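J.: TSV, C-alpha atoms, saved as work-v7.tsv, coming up:
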chain	number	residue	atom	x	y	z
A	1	MET	CA	0.00	0.00	0.00
A	2	THR	CA	1.63	3.26	-1.12
A	3	ASP	CA	0.90	6.63	0.46
A	4	GLY	CA	-1.14	7.75	-2.54
A	5	SER	CA	-3.03	4.51	-3.02
A	6	ASP	CA	-6.79	4.30	-2.67
A	7	GLU	CA	-6.31	2.08	0.35
A	8	ALA	CA	-4.06	4.66	2.02
A	9	LEU	CA	-6.64	7.36	1.32
A	10	VAL	CA	-9.39	5.28	2.90
A	11	ALA	CA	-7.22	4.69	5.97
A	12	ARG	CA	-6.73	8.45	6.28
A	13	ILE	CA	-10.46	9.04	5.78
A	14	ALA	CA	-11.10	6.61	8.64
A	15	GLY	CA	-9.13	9.05	10.77
A	16	GLY	CA	-11.32	11.95	9.67
A	17	ASP	CA	-8.96	13.37	7.02
A	18	GLY	CA	-11.08	15.61	4.78
A	19	LEU	CA	-8.26	16.18	2.28
A	20	ALA	CA	-8.01	12.45	1.68
A	21	MET	CA	-11.75	12.42	1.09
A	22	GLN	CA	-11.38	15.13	-1.56
A	23	ALA	CA	-8.58	13.18	-3.23
A	24	LEU	CA	-10.71	10.04	-3.33
A	25	TYR	CA	-13.63	12.01	-4.73
A	26	GLY	CA	-11.46	13.53	-7.45
A	27	ARG	CA	-10.22	10.11	-8.42
A	28	HIS	CA	-13.53	8.23	-8.51
A	29	ALA	CA	-16.49	10.60	-8.81
A	30	THR	CA	-16.76	10.64	-12.59
A	31	ARG	CA	-16.64	6.90	-13.08
A	32	LEU	CA	-19.03	6.27	-10.20
A	33	TYR	CA	-21.43	8.87	-11.57
A	34	ARG	CA	-21.38	7.31	-15.03
A	35	PHE	CA	-21.87	3.82	-13.59
A	36	LEU	CA	-24.93	5.11	-11.77
A	37	VAL	CA	-26.29	6.98	-14.81
A	38	ARG	CA	-26.14	3.73	-16.76
A	39	LEU	CA	-27.98	1.89	-13.99
A	40	VAL	CA	-30.73	4.39	-13.12
A	41	ARG	CA	-30.72	6.26	-16.45
A	42	ASP	CA	-31.32	9.62	-14.82
A	43	PRO	CA	-28.44	12.10	-14.29
A	44	THR	CA	-30.09	13.85	-11.33
A	45	HIS	CA	-30.79	10.65	-9.46
A	46	ALA	CA	-27.35	9.33	-10.37
A	47	GLU	CA	-25.74	12.41	-8.85
A	48	ASP	CA	-27.73	12.06	-5.64
A	49	LEU	CA	-26.82	8.39	-5.38
A	50	MET	CA	-23.16	9.15	-6.05
A	51	SER	CA	-23.15	11.61	-3.15
A	52	GLU	CA	-24.69	8.93	-0.93
A	53	VAL	CA	-21.93	6.52	-1.93
A	54	PHE	CA	-19.25	9.02	-0.90
A	55	LEU	CA	-21.05	9.78	2.34
A	56	ASP	CA	-21.07	6.06	3.09
A	57	VAL	CA	-17.34	5.92	2.38
A	58	TRP	CA	-16.77	8.86	4.74
A	59	ARG	CA	-18.82	7.28	7.50
A	60	GLN	CA	-17.80	3.65	6.99
A	61	ALA	CA	-14.13	4.00	6.06
A	62	ALA	CA	-13.02	2.40	9.31
A	63	ARG	CA	-14.92	-0.73	8.35
A	64	TYR	CA	-13.16	-1.14	5.01
A	65	GLU	CA	-11.17	-4.34	5.38
A	66	GLY	CA	-9.24	-4.36	2.12
A	67	ARG	CA	-10.70	-7.65	0.94
A	68	ALA	CA	-11.62	-5.99	-2.36
A	69	SER	CA	-10.04	-2.97	-4.04
A	70	VAL	CA	-11.48	0.41	-3.10
A	71	THR	CA	-12.91	0.79	-6.62
A	72	THR	CA	-14.69	-2.55	-6.36
A	73	TRP	CA	-15.94	-1.69	-2.87
A	74	MET	CA	-17.36	1.64	-4.04
A	75	LEU	CA	-18.94	0.15	-7.17
A	76	SER	CA	-20.61	-2.47	-4.96
A	77	ILE	CA	-22.05	0.25	-2.73
A	78	ALA	CA	-23.18	2.21	-5.79
A	79	ARG	CA	-24.88	-0.79	-7.33
A	80	PHE	CA	-26.70	-1.58	-4.09
A	81	LYS	CA	-27.96	2.00	-3.85
A	82	ALA	CA	-29.03	2.05	-7.49
A	83	LEU	CA	-31.02	-1.16	-7.13
A	84	SER	CA	-32.65	0.13	-3.93
A	85	HIS	CA	-33.56	3.33	-5.77
A	86	LEU	CA	-35.07	1.38	-8.68
A	87	ARG	CA	-37.08	-0.78	-6.29
A	88	ARG	CA	-38.55	2.38	-4.75
A	89	ARG	CA	-39.27	3.86	-8.19
A	90	PRO	CA	-40.34	0.98	-10.43
A	91	GLN	CA	-41.37	3.41	-13.17
A	92	ASP	CA	-37.67	4.16	-13.70
A	93	SER	CA	-36.78	0.57	-14.46
A	94	LEU	CA	-38.19	0.62	-17.99
A	95	GLU	CA	-35.94	-1.49	-20.14
A	96	PRO	CA	-34.36	0.62	-22.85
A	97	GLU	CA	-35.23	-1.71	-25.72
A	98	ALA	CA	-38.77	-0.35	-26.00
A	99	ALA	CA	-37.74	3.27	-26.37
A	100	GLU	CA	-34.93	2.47	-28.80
A	101	ALA	CA	-37.17	0.21	-30.88
A	102	ILE	CA	-39.65	3.01	-31.34
A	103	GLU	CA	-36.93	5.46	-32.23
A	104	ASP	CA	-35.38	3.24	-34.87
A	105	GLU	CA	-38.59	1.79	-36.28
A	106	ALA	CA	-38.61	3.85	-39.45
A	107	ASP	CA	-34.98	3.20	-40.40
A	108	THR	CA	-33.95	0.31	-42.59
A	109	PRO	CA	-30.55	-1.19	-41.76
A	110	GLU	CA	-28.97	0.48	-44.78
A	111	ILE	CA	-30.40	3.91	-43.92
A	112	LEU	CA	-29.30	3.58	-40.30
A	113	LEU	CA	-25.76	2.62	-41.28
A	114	GLN	CA	-25.55	5.52	-43.74
A	115	LYS	CA	-26.92	7.91	-41.13
A	116	VAL	CA	-24.79	7.05	-38.17
A	117	GLY	CA	-21.82	4.90	-39.20
A	118	LYS	CA	-20.59	1.69	-37.62
A	119	ALA	CA	-19.20	3.13	-34.39
A	120	GLU	CA	-22.39	4.99	-33.58
A	121	ALA	CA	-24.45	1.94	-34.51
A	122	ILE	CA	-22.45	-0.12	-32.00
A	123	ARG	CA	-23.01	2.52	-29.32
A	124	ARG	CA	-26.74	2.55	-30.01
A	125	CYS	CA	-26.89	-1.22	-29.79
A	126	LEU	CA	-24.88	-1.16	-26.56
A	127	ALA	CA	-27.45	1.25	-25.16
A	128	THR	CA	-30.28	-1.12	-26.02
A	129	LEU	CA	-28.89	-4.12	-24.16
A	130	SER	CA	-30.82	-5.34	-21.14
A	131	ALA	CA	-29.88	-3.84	-17.77
A	132	GLU	CA	-28.01	-6.99	-16.73
A	133	HIS	CA	-26.07	-7.18	-19.97
A	134	ARG	CA	-25.33	-3.46	-19.92
A	135	GLU	CA	-24.03	-3.66	-16.39
A	136	VAL	CA	-21.51	-6.41	-17.05
A	137	VAL	CA	-20.39	-4.81	-20.32
A	138	ASP	CA	-19.71	-1.52	-18.52
A	139	LEU	CA	-17.93	-3.15	-15.61
A	140	VAL	CA	-15.58	-5.06	-17.90
A	141	TYR	CA	-14.93	-2.60	-20.71
A	142	TYR	CA	-15.23	0.81	-19.06
A	143	HIS	CA	-14.46	0.12	-15.40
A	144	GLU	CA	-11.89	-2.53	-16.37
A	145	ARG	CA	-12.86	-4.94	-13.63
A	146	SER	CA	-11.54	-8.51	-13.61
A	147	VAL	CA	-13.81	-11.56	-13.68
A	148	GLU	CA	-13.55	-11.90	-9.92
A	149	GLU	CA	-14.20	-8.22	-9.28
A	150	VAL	CA	-17.33	-8.22	-11.44
A	151	ALA	CA	-18.49	-11.31	-9.56
A	152	GLU	CA	-17.95	-9.46	-6.27
A	153	ILE	CA	-19.80	-6.34	-7.40
A	154	VAL	CA	-22.76	-8.08	-9.03
A	155	GLY	CA	-22.94	-10.90	-6.50
A	156	ILE	CA	-22.83	-13.79	-8.96
A	157	PRO	CA	-20.33	-16.61	-9.53
A	158	ALA	CA	-17.29	-15.93	-11.71
A	159	GLY	CA	-18.50	-18.49	-14.26
A	160	THR	CA	-21.80	-16.65	-14.58
A	161	VAL	CA	-19.95	-13.38	-15.17
A	162	LYS	CA	-18.15	-14.92	-18.13
A	163	THR	CA	-21.23	-16.48	-19.72
A	164	ARG	CA	-23.31	-13.35	-19.09
A	165	LEU	CA	-20.82	-11.19	-20.94
A	166	PHE	CA	-20.57	-13.76	-23.72
A	167	HIS	CA	-24.34	-13.62	-24.25
A	168	ALA	CA	-24.37	-9.84	-24.04
A	169	ARG	CA	-21.80	-9.72	-26.81
A	170	LYS	CA	-23.75	-12.25	-28.85
A	171	ARG	CA	-26.90	-10.16	-28.48
A	172	LEU	CA	-24.96	-7.11	-29.58
A	173	SER	CA	-23.76	-8.92	-32.71
A	174	GLU	CA	-27.33	-10.02	-33.48
A	175	GLN	CA	-28.59	-6.46	-33.19
A	176	LEU	CA	-25.80	-5.15	-35.38
A	177	SER	CA	-26.48	-7.89	-37.88
A	178	ALA	CA	-30.12	-6.81	-37.98
A	179	ARG	CA	-28.82	-3.34	-38.90
A	180	GLY	CA	-26.73	-4.72	-41.72
A	181	ILE	CA	-23.42	-4.84	-39.85
A	182	ASP	CA	-21.54	-8.16	-39.86
A	183	ARG	CA	-18.66	-8.10	-37.39
A	184	GLY	CA	-17.34	-11.55	-38.29
A	185	TRP	CA	-18.02	-12.79	-34.76
A	186	PRO	CA	-19.44	-15.05	-33.44
B	1	MET	CA	-32.25	-11.95	-20.24
B	2	SER	CA	-33.13	-15.47	-19.29
B	3	ARG	CA	-31.42	-17.36	-16.53
B	4	ASP	CA	-30.81	-20.09	-19.12
B	5	GLU	CA	-28.35	-17.72	-20.74
B	6	ASP	CA	-26.39	-17.45	-17.50
B	7	ARG	CA	-26.35	-21.22	-17.15
B	8	ASP	CA	-25.62	-21.51	-20.86
B	9	THR	CA	-28.12	-24.30	-21.50
B	10	SER	CA	-28.91	-23.20	-25.04
B	11	HIS	CA	-28.55	-25.72	-27.83
B	12	ASP	CA	-25.74	-23.73	-29.46
B	13	LYS	CA	-22.23	-25.01	-29.12
B	14	ALA	CA	-21.11	-23.99	-25.66
B	15	PRO	CA	-18.25	-21.48	-25.73
B	16	ASP	CA	-15.00	-22.71	-24.28
B	17	ASP	CA	-13.09	-20.82	-21.61
B	18	VAL	CA	-10.83	-19.12	-24.16
B	19	ASP	CA	-13.86	-17.65	-25.96
B	20	LEU	CA	-15.24	-16.44	-22.64
B	21	LEU	CA	-12.01	-14.78	-21.49
B	22	VAL	CA	-11.37	-12.79	-24.68
B	23	PRO	CA	-12.96	-9.53	-23.36
B	24	TRP	CA	-10.61	-9.53	-20.36
B	25	HIS	CA	-7.67	-9.99	-22.73
B	26	ALA	CA	-8.85	-6.84	-24.50
B	27	THR	CA	-8.74	-4.95	-21.19
B	28	GLU	CA	-5.51	-6.63	-20.05
B	29	ARG	CA	-7.13	-7.92	-16.89
B	30	LEU	CA	-6.07	-11.55	-17.21
B	31	SER	CA	-3.37	-13.25	-15.18
B	32	PRO	CA	-0.05	-13.72	-17.04
B	33	GLU	CA	-0.82	-17.44	-17.42
B	34	GLU	CA	-4.28	-16.80	-18.87
B	35	ALA	CA	-2.94	-14.11	-21.21
B	36	THR	CA	-0.28	-16.51	-22.51
B	37	ARG	CA	-2.95	-19.15	-23.10
B	38	LEU	CA	-5.07	-16.59	-24.97
B	39	GLU	CA	-2.15	-15.46	-27.12
B	40	ALA	CA	-1.41	-19.05	-28.12
B	41	ALA	CA	-5.06	-19.66	-28.99
B	42	ILE	CA	-5.25	-16.46	-31.03
B	43	ALA	CA	-2.14	-17.45	-32.98
B	44	ARG	CA	-3.60	-20.80	-34.02
B	45	ASP	CA	-7.29	-19.93	-34.46
B	46	PRO	CA	-8.45	-17.02	-36.69
B	47	ALA	CA	-11.92	-17.19	-35.14
B	48	ILE	CA	-10.48	-16.23	-31.75
B	49	ALA	CA	-8.54	-13.42	-33.38
B	50	ARG	CA	-11.84	-12.12	-34.83
B	51	ASN	CA	-13.40	-12.48	-31.39
B	52	LEU	CA	-10.63	-10.31	-29.94
B	53	ALA	CA	-11.02	-7.70	-32.68
B	54	ALA	CA	-14.75	-7.53	-31.92
B	55	ALA	CA	-14.04	-7.22	-28.20
B	56	ARG	CA	-11.63	-4.33	-28.79
B	57	GLU	CA	-14.25	-2.61	-30.90
B	58	GLU	CA	-16.86	-3.11	-28.18
B	59	ARG	CA	-14.47	-1.76	-25.59
B	60	ALA	CA	-13.73	1.38	-27.60
B	61	GLU	CA	-17.42	2.12	-28.11
B	62	THR	CA	-18.33	1.31	-24.52
B	63	VAL	CA	-15.71	3.80	-23.35
B	64	ALA	CA	-17.00	6.38	-25.84
B	65	LEU	CA	-20.59	5.78	-24.73
B	66	ASN	CA	-19.66	6.28	-21.07
B	67	GLN	CA	-17.57	9.35	-21.78
B	68	GLY	CA	-20.61	10.86	-23.42
B	69	LEU	CA	-22.53	10.65	-20.16
B	70	GLY	CA	-21.00	13.83	-18.81
B	71	LEU	CA	-19.62	14.70	-15.40
B	72	PRO	CA	-21.10	15.17	-11.96
B	73	SER	CA	-21.83	18.83	-11.29
B	74	ALA	CA	-19.83	21.19	-9.10
B	75	ARG	CA	-23.03	21.73	-7.13
B	76	ALA	CA	-23.10	18.04	-6.18
B	77	ARG	CA	-19.50	18.21	-4.99
B	78	GLU	CA	-20.12	21.34	-2.93
B	79	ALA	CA	-23.24	19.89	-1.34
B	80	LEU	CA	-21.44	16.65	-0.50
B	81	PHE	CA	-18.48	18.34	1.16
B	82	ALA	CA	-20.74	20.73	3.02
B	83	ARG	CA	-22.48	17.69	4.52
B	84	ILE	CA	-19.15	16.08	5.34
B	85	ALA	CA	-17.90	19.27	6.98
B	86	ALA	CA	-21.07	19.38	9.06
B	87	GLU	CA	-20.31	15.96	10.48
B	88	ALA	CA	-17.75	15.51	13.19
B	89	GLY	CA	-15.96	12.73	11.33
B	90	PRO	CA	-16.36	9.14	10.29
B	91	ASP	CA	-18.89	7.24	12.33
B	92	ARG	CA	-16.61	5.47	14.68
B	93	ARG	CA	-17.01	4.67	18.35
B	94	PRO	CA	-14.63	6.80	20.40
B	95	GLY	CA	-11.66	4.76	21.47
B	96	LEU	CA	-10.37	4.49	25.00
B	97	LEU	CA	-7.72	7.11	24.33
B	98	GLU	CA	-10.32	9.64	23.18
B	99	ARG	CA	-12.38	8.90	26.28
B	100	LEU	CA	-9.27	9.30	28.39
B	101	ARG	CA	-8.63	12.72	26.91
B	102	GLY	CA	-12.27	13.69	27.44
B	103	ALA	CA	-12.25	12.52	31.03
B	104	LEU	CA	-9.04	14.36	31.83
B	105	ALA	CA	-10.46	17.53	30.34
B	106	GLY	CA	-13.45	17.22	32.66
B	107	LEU	CA	-11.53	16.77	35.90
B	108	SER	CA	-10.69	19.63	38.25
B	109	PRO	CA	-7.06	20.63	38.72
B	110	GLY	CA	-7.11	19.44	42.31
B	111	VAL	CA	-8.11	15.95	41.32
B	112	LEU	CA	-5.54	15.77	38.60
B	113	MET	CA	-2.51	16.59	40.77
B	114	GLY	CA	-1.44	19.16	38.26
B	115	ALA	CA	-1.33	19.41	34.51
B	116	GLY	CA	2.16	17.91	34.28
B	117	ALA	CA	1.07	14.72	35.99
B	118	ALA	CA	-1.95	14.47	33.71
B	119	ALA	CA	0.20	14.83	30.61
B	120	ALA	CA	2.55	12.16	31.92
B	121	LEU	CA	-0.41	9.86	32.48
B	122	VAL	CA	-1.66	10.33	28.93
B	123	ILE	CA	1.77	9.59	27.50
B	124	ALA	CA	2.18	6.58	29.74
B	125	LEU	CA	-1.19	5.16	28.81
B	126	GLN	CA	-0.58	5.72	25.14
B	127	ALA	CA	2.49	3.55	25.55
B	128	GLY	CA	0.32	1.05	27.38
B	129	PHE	CA	-2.06	0.91	24.45
B	130	LEU	CA	0.81	0.40	22.06
B	131	ALA	CA	2.01	-2.48	24.15
B	132	GLN	CA	-1.51	-3.85	24.28
B	133	ALA	CA	-1.86	-3.60	20.53
B	134	TYR	CA	1.53	-5.21	20.04
B	135	LEU	CA	0.87	-8.08	22.40
B	136	HIS	CA	-2.73	-8.75	21.50
B	137	ALA	CA	-3.16	-7.58	17.91
B	138	PRO	CA	-5.96	-9.46	16.12
B	139	SER	CA	-4.79	-11.70	13.30
B	140	GLY	CA	-7.35	-10.45	10.77
B	141	THR	CA	-7.25	-7.27	8.73
B	142	GLY	CA	-9.39	-4.24	9.37
B	143	TYR	CA	-9.80	-1.61	11.99
B	144	GLU	CA	-10.95	-1.82	15.56
B	145	THR	CA	-11.04	0.85	18.20
B	146	ALA	CA	-8.90	0.27	21.24
B	147	SER	CA	-11.97	-0.06	23.40
B	148	ALA	CA	-13.92	-2.45	21.22
B	149	PRO	CA	-15.38	-5.02	23.62
B	150	THR	CA	-14.29	-8.62	23.36
B	151	VAL	CA	-15.47	-11.76	25.07
B	152	GLU	CA	-11.99	-12.22	26.46
B	153	SER	CA	-11.99	-8.79	28.09
B	154	ALA	CA	-15.25	-9.52	29.89
B	155	ARG	CA	-13.88	-12.54	31.74
B	156	GLY	CA	-10.79	-12.94	33.88
B	157	ARG	CA	-9.14	-11.45	36.95
B	158	PHE	CA	-8.97	-7.68	37.17
B	159	ALA	CA	-7.44	-4.90	39.24
B	160	LEU	CA	-7.94	-1.16	39.46
B	161	VAL	CA	-4.68	0.76	39.11
B	162	ALA	CA	-3.47	4.33	39.03
B	163	PHE	CA	-0.14	4.90	37.32
B	164	ALA	CA	2.50	7.01	39.04
B	165	PRO	CA	2.90	10.40	37.35
B	166	GLU	CA	6.65	9.93	37.19
B	167	ALA	CA	6.45	6.53	35.49
B	168	THR	CA	7.99	6.64	32.03
B	169	ALA	CA	6.22	5.33	28.97
B	170	GLY	CA	8.87	2.66	28.53
B	171	ARG	CA	8.51	1.53	32.14
B	172	ILE	CA	4.75	1.12	31.88
B	173	GLU	CA	5.05	-0.69	28.57
B	174	ALA	CA	7.62	-3.06	30.07
B	175	LEU	CA	5.46	-3.64	33.13
B	176	LEU	CA	2.43	-4.55	31.04
B	177	ARG	CA	4.55	-6.89	28.94
B	178	GLU	CA	6.13	-8.55	31.97
B	179	THR	CA	2.87	-9.14	33.77
B	180	GLY	CA	0.71	-9.88	30.72
B	181	ALA	CA	-1.75	-7.26	31.97
B	182	ARG	CA	-3.92	-5.19	29.65
B	183	ILE	CA	-5.84	-1.97	30.15
B	184	VAL	CA	-9.50	-2.73	29.46
B	185	ASP	CA	-11.32	0.31	30.79
B	186	GLY	CA	-10.93	3.81	32.16
B	187	PRO	CA	-10.33	6.43	33.10
B	188	ARG	CA	-12.50	6.42	36.19
B	189	PRO	CA	-12.62	9.25	38.73
B	190	GLY	CA	-9.15	9.97	40.06
B	191	GLY	CA	-7.45	8.66	36.94
B	192	VAL	CA	-7.97	5.01	37.83
B	193	TYR	CA	-7.84	2.34	35.14
B	194	ARG	CA	-9.03	-1.24	35.05
B	195	LEU	CA	-6.45	-3.85	34.13
B	196	ARG	CA	-7.12	-7.42	33.12
B	197	LEU	CA	-4.40	-9.38	34.89
B	198	ALA	CA	-5.05	-12.99	33.95
B	199	ASP	CA	-7.57	-15.63	32.96
B	200	GLU	CA	-10.24	-16.74	35.41
B	201	GLY	CA	-8.45	-19.98	36.16
B	202	ILE	CA	-5.27	-18.44	37.54
B	203	ALA	CA	-4.20	-19.77	40.95
B	204	PRO	CA	-4.71	-17.34	43.85
B	205	GLU	CA	-0.98	-17.41	44.64
B	206	ALA	CA	-0.06	-16.54	41.07
B	207	LEU	CA	-2.60	-13.71	41.05
B	208	ALA	CA	-1.21	-12.36	44.29
B	209	GLY	CA	2.25	-12.52	42.75
B	210	LEU	CA	1.14	-10.42	39.80
B	211	VAL	CA	-0.36	-7.83	42.13
B	212	GLU	CA	2.88	-7.67	44.11
B	213	ARG	CA	4.89	-7.19	40.93
B	214	LEU	CA	2.66	-4.27	39.99
B	215	ARG	CA	2.96	-2.77	43.46
B	216	GLY	CA	6.72	-3.20	43.54
B	217	SER	CA	7.29	-1.83	40.07
B	218	GLY	CA	7.30	1.83	41.01
B	219	ALA	CA	5.16	2.56	37.94
B	220	VAL	CA	1.83	2.50	39.77
B	221	ARG	CA	0.71	4.40	42.81
B	222	LEU	CA	-2.38	2.30	43.50
B	223	VAL	CA	-3.30	-1.36	42.89
B	224	ALA	CA	-6.67	-2.71	44.04
B	225	PRO	CA	-7.45	-6.27	42.91
B	226	GLU	CA	-11.07	-7.14	42.24
B	227	SER	CA	-11.94	-10.17	44.33
B	228	LEU	CA	-14.66	-11.50	42.02
B	229	PRO	CA	-15.42	-11.20	38.33
B	230	PRO	CA	-17.75	-8.25	37.76
B	231	ALA	CA	-21.48	-8.89	37.51
B	232	ARG	CA	-22.63	-8.70	33.88
Translate the structure of the given file into structure tokens.

T.:
Amino acid sequence: MTDGSDEALVARIAGGDGLAMQALYGRHATRLYRFLVRLVRDPTHAEDLMSEVFLDVWRQAARYEGRASVTTWMLSIARFKALSHLRRRPQDSLEPEAAEAIEDEADTPEILLQKVGKAEAIRRCLATLSAEHREVVDLVYYHERSVEEVAEIVGIPAGTVKTRLFHARKRLSEQLSARGIDRGWP
Amino acid sequence: MSRDEDRDTSHDKAPDDVDLLVPWHATERLSPEEATRLEAAIARDPAIARNLAAAREERAETVALNQGLGLPSARAREALFARIAAEAGPDRRPGLLERLRGALAGLSPGVLMGAGAAAALVIALQAGFLAQAYLHAPSGTGYETASAPTVESARGRFALVAFAPEATAGRIEALLRETGARIVDGPRPGGVYRLRLADEGIAPEALAGLVERLRGSGAVRLVAPESLPPAR
């Protein structure tokens, strides 16, 4: 553990060090916020939940045991808060497929590809994945979590993490194929 | 998504572990052994190479998608740190040392025998806590306040002691180490602390010997053994 490590910051926060708290916030706020936006799909709610995560870190730092990395610990707290929020507000848990399907209804695959290009088409298809697929895709590709860390955050076995991401990627390829884009895999 | 997907019970050919690990190769989050295995598989199988190319493309667009989600506002940061500033600190139970400081602050000068003696007592007890932590540190990781209750500290043979103001930190530390005693509570009125001397099963002669060693050490000005375990 180096002086500037996340773990060292949390140890200082446990002692009431506000500067360490600001350093941890600067390091993690953006990624936590984006993780929450993707889960609750509302920037205002995501910001409120992010603040709650940091307040928990401030209050619970002394209980951090170092079994998982600080990033994984904070993402786990964020996920728990997001799911609690969605349970309280079931109207927010609308799966994105419906909205995207309506939006794209008029476009043929060729027109869509001409309009937006391959990269944008992939991003649109990523956005239409189910919440569970979206979550594991984000944790692996954007948050760069290992198999074991995703398993810890989501609370599923490591084997399930791997197969869930595999099927998310397969679904993505199917959606792209339906839009006239063959990626050559699977 | 169906749970069948997670269990992979579809009729398609089940992916092997190399296929499944490709995304983590794209993010360089595999162990060196797994990465070597992946590299070998990619070199011999063009389908796995295409899988990796697709994963890298997915990664790039996932990053781009997330970066397009914006940033948390300055208002959120200000509100958060205003709340933090309004709190006294992390929610932790005050340790024995904090309670010691608080108790000393509340005592009258007459009771304390002077500010110098009080400062010496704090220093001496800090050394005592260090010795306690050294001798009885828990094996697990994590944090625990000095006064966190344990089953062990609730049972045993105890004595009330007051340390001599002139006792050095090193002397008190050595005394605690020699006798195996630990500070488990305090301060009480008059600067008295409760020491756990031994397990319940200690022979009366051995217990008396420990008390005599404390008395003869010169580091304490008062030793009062408790005759029976405290009522719980």

J.: Quick one: which residues from chain A are at most 8 Å off chain B, using only C-alpha atoms, as an NGL selection string?

T.: :A and (13-16 or 29-30 or 33-34 or 37 or 47-48 or 51 or 54-55 or 58-66 or 119-120 or 122-123 or 126 or 130 or 132-133 or 137-138 or 140-142 or 144-147 or 160-167 or 183-186)

J.: So, counting only C-alpha atoms, which residue among A:Arg179, A:Arg27, A:Arg38, A:Arg88 is closest to Val70 of chain A?

T.: A:Arg27

J.: Could you check how far atom CA of Phe163 of chain B sits from atom CA of Gly216 of chain B, in Å to one decimal?

T.: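 One can read the atom CA of Phe163 of chain B to atom CA of Gly216 of chain B distance as 12.3 Å.
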
J.: Just the number, please: distance in Å from atom CA of Leu83 of chain A to atom CA of Gln175 of chain A, one decimal.

T.: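 Straight-line distance from atom CA of Leu83 of chain A to atom CA of Gln175 of chain A works out to 26.7 Å.
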
J.: What does the distance between atom CA of Ala78 of chain A and atom CA of Ser173 of chain A come to in Å, to one decimal place?

T.: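 Interatomic distance here is 29.1 Å.
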
J.: Can you find the residues with an atom no farther than 12 Å from (-2.1, 7.0, -3.0), counting only C-alpha atoms, and report them as a list of chain:residue names?

T.: A:Met1, A:Thr2, A:Asp3, A:Gly4, A:Ser5, A:Asp6, A:Glu7, A:Ala8, A:Leu9, A:Val10, A:Ala11, A:Arg12, A:Ala20, A:Met21, A:Ala23, A:Leu24, A:Arg27, A:Val70

J.: Which residues come within 8 Å of segment 217-224 of chain B, counting all atoms listed in the file, excluding same-chain residues fewer than 6 positions away, as a PyMOL selection string?

T.: chain B and resi 159-164+166-168+171-172+175+211

J.: Residues within 6 Å of (-5.5, -5.6, 31.2), file coordinates, counting only C-alpha atoms: what are they? Give the list as an MDAnalysis selection string.

T.: chainID B and resid 181:184 195:197

J.: Emit the selected residues as an mmCIF file, in the frame of the given file, including C-alpha atoms.

T.:
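Result went into out.cif, see below:
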data_model
loop_
_atom_site.group_PDB
_atom_site.id
_atom_site.type_symbol
_atom_site.label_atom_id
_atom_site.label_comp_id
_atom_site.auth_asym_id
_atom_site.auth_seq_id
_atom_site.Cartn_x
_atom_site.Cartn_y
_atom_site.Cartn_z
ATOM 1 C CA ALA B 181 -1.750 -7.260 31.970
ATOM 2 C CA ARG B 182 -3.920 -5.190 29.650
ATOM 3 C CA ILE B 183 -5.840 -1.970 30.150
ATOM 4 C CA VAL B 184 -9.500 -2.730 29.460
ATOM 5 C CA LEU B 195 -6.450 -3.850 34.130
ATOM 6 C CA ARG B 196 -7.120 -7.420 33.120
ATOM 7 C CA LEU B 197 -4.400 -9.380 34.890
#

J.: Kindly indicate which residue among A:Ala127, A:Val57, A:Ala158, A:Leu86 lies nearest to Trp73 of chain A, using all atoms listed in the file for the distances.

T.: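 Among the listed residues, A:Val57 lies closest to Trp73 of chain A.
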